[in-house]
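Participant: Mind looking over this structure? Questions follow.
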Amino acid sequence: MTDKQASKRFFYQTIADDFEKLDNPYDVERRLRVVFDELLDGIDLIGKLVLDAGCGYGAFSIAAHRRGAKVVSLDIAEKLVKKAAVRASTAGVVGDASRLSFQDDAFDIVLSSEMLEHTLAPEAIVHELIRVLRPAGHIVLTTPNR
């Protein structure tokens, strides 16, 4: 792990208890609607294996789980993973999205909301997220800018 990766992990560990309070509830609700009611509209999540990459405190993990998906909540900060996994009743994995510990073609759906812009190598992460996505799977990424 590089010094920059370690400092990011440490930073997210330090804000884990307050992360949800720092988020804008209107923005989170808007993103949840865009992801689940628009981009994944008509896609049955029941029984699907979903990766929530950069899960934070678990808002998207909770939403996917409520729709019947089997969810893996992944984040770089252990405290966030624990919080998300407990809140969403999901499997939690502490990891770096630039080096995922999953096999190729492991997930039916990969979600990542507002995570890429916080990384050192967003293009490499997109390649990793695609690598773990099954053929004909769905990947949904949101960022606050282009």
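Ordered as shown in the structure tokens, chains take letters A, B, and onward, while each chain numbers its residues from 1 and ligands are numbered from 1 in the order shown.
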Would you mind listing what lies within 10 Å of A:Asp104 as a list in words, with only C-alpha atoms counted and same-chain residues fewer than 4 positions away left out?
Facilitator: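 The filter keeps Leu100, Glu128, Leu129, Ile130, Arg131, Val132, Leu133, Arg134 and Pro135 of chain A.
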Participant: If we count only C-alpha atoms, what is near A:Cys55 at a cut-off of 12 Å, once residues fewer than 6 positions away on the same chain are taken out, given as JSON, numbers by chain?
Facilitator: {"A": [12, 16, 19, 20, 61, 62, 63, 64, 71, 72, 73, 74, 75, 76, 77, 78, 79, 80, 81, 82, 83, 84, 85, 87, 88, 90, 91, 92, 93, 94, 95, 96, 97, 110, 111, 112, 113, 114, 115, 116]}
Participant: I'd like the contact shell of A:Leu45 - 7 Å cut-off, only C-alpha atoms, skipping same-chain residues fewer than 3 positions apart - returned as number ranges by chain.
Facilitator: A: 48, 67-69
Participant: Restricted to C-alpha atoms, what would the selected residues look like written as a PDB file, in the first residue's frame?
Facilitator:
ATOM      1  CA  LYS A  48     -28.418 -11.205  -7.814  1.00  0.00           C
ATOM      2  CA  ARG A  67     -34.643  -5.245  -3.350  1.00  0.00           C
ATOM      3  CA  GLY A  68     -33.588  -8.841  -2.724  1.00  0.00           C
ATOM      4  CA  ALA A  69     -29.951  -8.747  -3.797  1.00  0.00           C
TER       5      ALA A  69
END
Participant: Mind listing the strand (DSSP E) residues of stretch 17-52 of chain A, per DSSP on the backbone, as an NGL selection string?
Facilitator: :A and (49-52)
Participant: Please give the complete set of residues from stretch 9-144 of chain A that DSSP, run on the backbone, assigns to alpha helix (DSSP H), formatted as a ChimeraX atom specification.
Facilitator: /A:9-15,19-22,25-32,59-66,78-88,122-131
Participant: Deliver the residues from the most recent selection as a file, using N, CA and C atoms, as a short mmCIF file (atom, residue, chain, number, x, y, z; two decimals), in the first residue's frame.
Facilitator:
data_model
loop_
_atom_site.label_atom_id
_atom_site.label_comp_id
_atom_site.auth_asym_id
_atom_site.auth_seq_id
_atom_site.Cartn_x
_atom_site.Cartn_y
_atom_site.Cartn_z
N ARG A 9 -7.09 5.66 3.63
CA ARG A 9 -7.71 4.68 4.52
C ARG A 9 -7.85 5.28 5.91
N PHE A 10 -6.78 5.91 6.38
CA PHE A 10 -6.80 6.52 7.70
C PHE A 10 -7.84 7.64 7.77
N PHE A 11 -7.90 8.48 6.73
CA PHE A 11 -8.86 9.57 6.71
C PHE A 11 -10.29 9.04 6.84
N TYR A 12 -10.65 8.05 6.04
CA TYR A 12 -12.01 7.53 6.09
C TYR A 12 -12.29 6.81 7.41
N GLN A 13 -11.27 6.23 8.01
CA GLN A 13 -11.43 5.64 9.35
C GLN A 13 -11.79 6.74 10.34
N THR A 14 -11.13 7.90 10.24
CA THR A 14 -11.35 8.97 11.21
C THR A 14 -12.73 9.61 11.10
N ILE A 15 -13.32 9.61 9.91
CA ILE A 15 -14.64 10.24 9.75
C ILE A 15 -15.78 9.22 9.74
N PHE A 19 -19.61 10.15 9.06
CA PHE A 19 -19.71 10.23 7.60
C PHE A 19 -21.13 10.49 7.13
N GLU A 20 -22.09 9.78 7.69
CA GLU A 20 -23.48 9.95 7.25
C GLU A 20 -23.96 11.37 7.53
N LYS A 21 -23.56 11.94 8.66
CA LYS A 21 -23.96 13.31 9.00
C LYS A 21 -23.34 14.33 8.04
N LEU A 22 -22.20 13.99 7.47
CA LEU A 22 -21.52 14.90 6.54
C LEU A 22 -22.15 14.87 5.15
N PRO A 25 -28.48 14.66 2.72
CA PRO A 25 -29.56 13.67 2.56
C PRO A 25 -30.32 13.80 1.24
N TYR A 26 -30.53 15.04 0.79
CA TYR A 26 -31.21 15.24 -0.49
C TYR A 26 -30.41 14.62 -1.62
N ASP A 27 -29.10 14.83 -1.62
CA ASP A 27 -28.24 14.28 -2.67
C ASP A 27 -28.25 12.76 -2.65
N VAL A 28 -28.17 12.17 -1.47
CA VAL A 28 -28.17 10.71 -1.36
C VAL A 28 -29.49 10.15 -1.89
N GLU A 29 -30.60 10.73 -1.49
CA GLU A 29 -31.91 10.26 -1.98
C GLU A 29 -32.01 10.40 -3.50
N ARG A 30 -31.50 11.51 -4.03
CA ARG A 30 -31.52 11.71 -5.48
C ARG A 30 -30.71 10.64 -6.18
N ARG A 31 -29.51 10.36 -5.67
CA ARG A 31 -28.67 9.33 -6.28
C ARG A 31 -29.31 7.95 -6.17
N LEU A 32 -29.94 7.65 -5.04
CA LEU A 32 -30.62 6.37 -4.89
C LEU A 32 -31.74 6.22 -5.93
N ALA A 59 -25.73 3.21 2.38
CA ALA A 59 -27.02 3.60 1.80
C ALA A 59 -27.39 2.77 0.57
N PHE A 60 -26.43 2.53 -0.32
CA PHE A 60 -26.72 1.78 -1.54
C PHE A 60 -26.77 0.28 -1.27
N SER A 61 -25.99 -0.18 -0.30
CA SER A 61 -26.05 -1.58 0.11
C SER A 61 -27.43 -1.89 0.69
N ILE A 62 -27.94 -0.99 1.51
CA ILE A 62 -29.27 -1.17 2.11
C ILE A 62 -30.32 -1.24 1.01
N ALA A 63 -30.26 -0.31 0.06
CA ALA A 63 -31.26 -0.26 -1.01
C ALA A 63 -31.22 -1.52 -1.87
N ALA A 64 -30.04 -2.01 -2.18
CA ALA A 64 -29.92 -3.24 -2.99
C ALA A 64 -30.43 -4.45 -2.19
N HIS A 65 -30.07 -4.52 -0.93
CA HIS A 65 -30.52 -5.63 -0.08
C HIS A 65 -32.04 -5.63 0.04
N ARG A 66 -32.65 -4.47 0.21
CA ARG A 66 -34.11 -4.38 0.31
C ARG A 66 -34.80 -4.85 -0.96
N GLU A 78 -12.18 0.13 7.38
CA GLU A 78 -12.79 -0.97 8.13
C GLU A 78 -14.04 -0.53 8.90
N LYS A 79 -13.99 0.63 9.53
CA LYS A 79 -15.15 1.11 10.30
C LYS A 79 -16.37 1.30 9.41
N LEU A 80 -16.16 1.82 8.20
CA LEU A 80 -17.28 2.00 7.28
C LEU A 80 -17.84 0.66 6.82
N VAL A 81 -16.97 -0.28 6.53
CA VAL A 81 -17.42 -1.61 6.11
C VAL A 81 -18.26 -2.25 7.21
N LYS A 82 -17.78 -2.19 8.43
CA LYS A 82 -18.54 -2.78 9.54
C LYS A 82 -19.91 -2.12 9.68
N LYS A 83 -19.93 -0.80 9.60
CA LYS A 83 -21.20 -0.07 9.72
C LYS A 83 -22.16 -0.46 8.60
N ALA A 84 -21.68 -0.48 7.37
CA ALA A 84 -22.53 -0.82 6.23
C ALA A 84 -23.03 -2.25 6.31
N ALA A 85 -22.14 -3.18 6.65
CA ALA A 85 -22.52 -4.60 6.70
C ALA A 85 -23.57 -4.86 7.76
N VAL A 86 -23.45 -4.22 8.91
CA VAL A 86 -24.44 -4.40 9.97
C VAL A 86 -25.76 -3.76 9.58
N ARG A 87 -25.71 -2.53 9.11
CA ARG A 87 -26.94 -1.80 8.76
C ARG A 87 -27.70 -2.47 7.61
N ALA A 88 -26.96 -3.01 6.65
CA ALA A 88 -27.60 -3.55 5.44
C ALA A 88 -27.72 -5.07 5.44
N PRO A 122 -8.73 6.58 -11.05
CA PRO A 122 -10.10 6.20 -11.38
C PRO A 122 -10.22 5.27 -12.59
N GLU A 123 -9.40 5.47 -13.60
CA GLU A 123 -9.49 4.62 -14.79
C GLU A 123 -9.14 3.17 -14.44
N ALA A 124 -8.12 2.98 -13.63
CA ALA A 124 -7.74 1.63 -13.20
C ALA A 124 -8.85 0.99 -12.38
N ILE A 125 -9.52 1.78 -11.58
CA ILE A 125 -10.62 1.24 -10.78
C ILE A 125 -11.78 0.82 -11.66
N VAL A 126 -12.09 1.60 -12.65
CA VAL A 126 -13.17 1.22 -13.58
C VAL A 126 -12.83 -0.12 -14.24
N HIS A 127 -11.58 -0.29 -14.64
CA HIS A 127 -11.17 -1.58 -15.23
C HIS A 127 -11.35 -2.73 -14.23
N GLU A 128 -11.03 -2.50 -12.97
CA GLU A 128 -11.21 -3.53 -11.94
C GLU A 128 -12.69 -3.85 -11.74
N LEU A 129 -13.51 -2.83 -11.70
CA LEU A 129 -14.95 -3.05 -11.52
C LEU A 129 -15.53 -3.84 -12.69
N ILE A 130 -15.06 -3.55 -13.89
CA ILE A 130 -15.51 -4.29 -15.07
C ILE A 130 -14.98 -5.73 -15.02
N ARG A 131 -13.77 -5.91 -14.55
CA ARG A 131 -13.17 -7.25 -14.47
C ARG A 131 -14.02 -8.19 -13.60
#
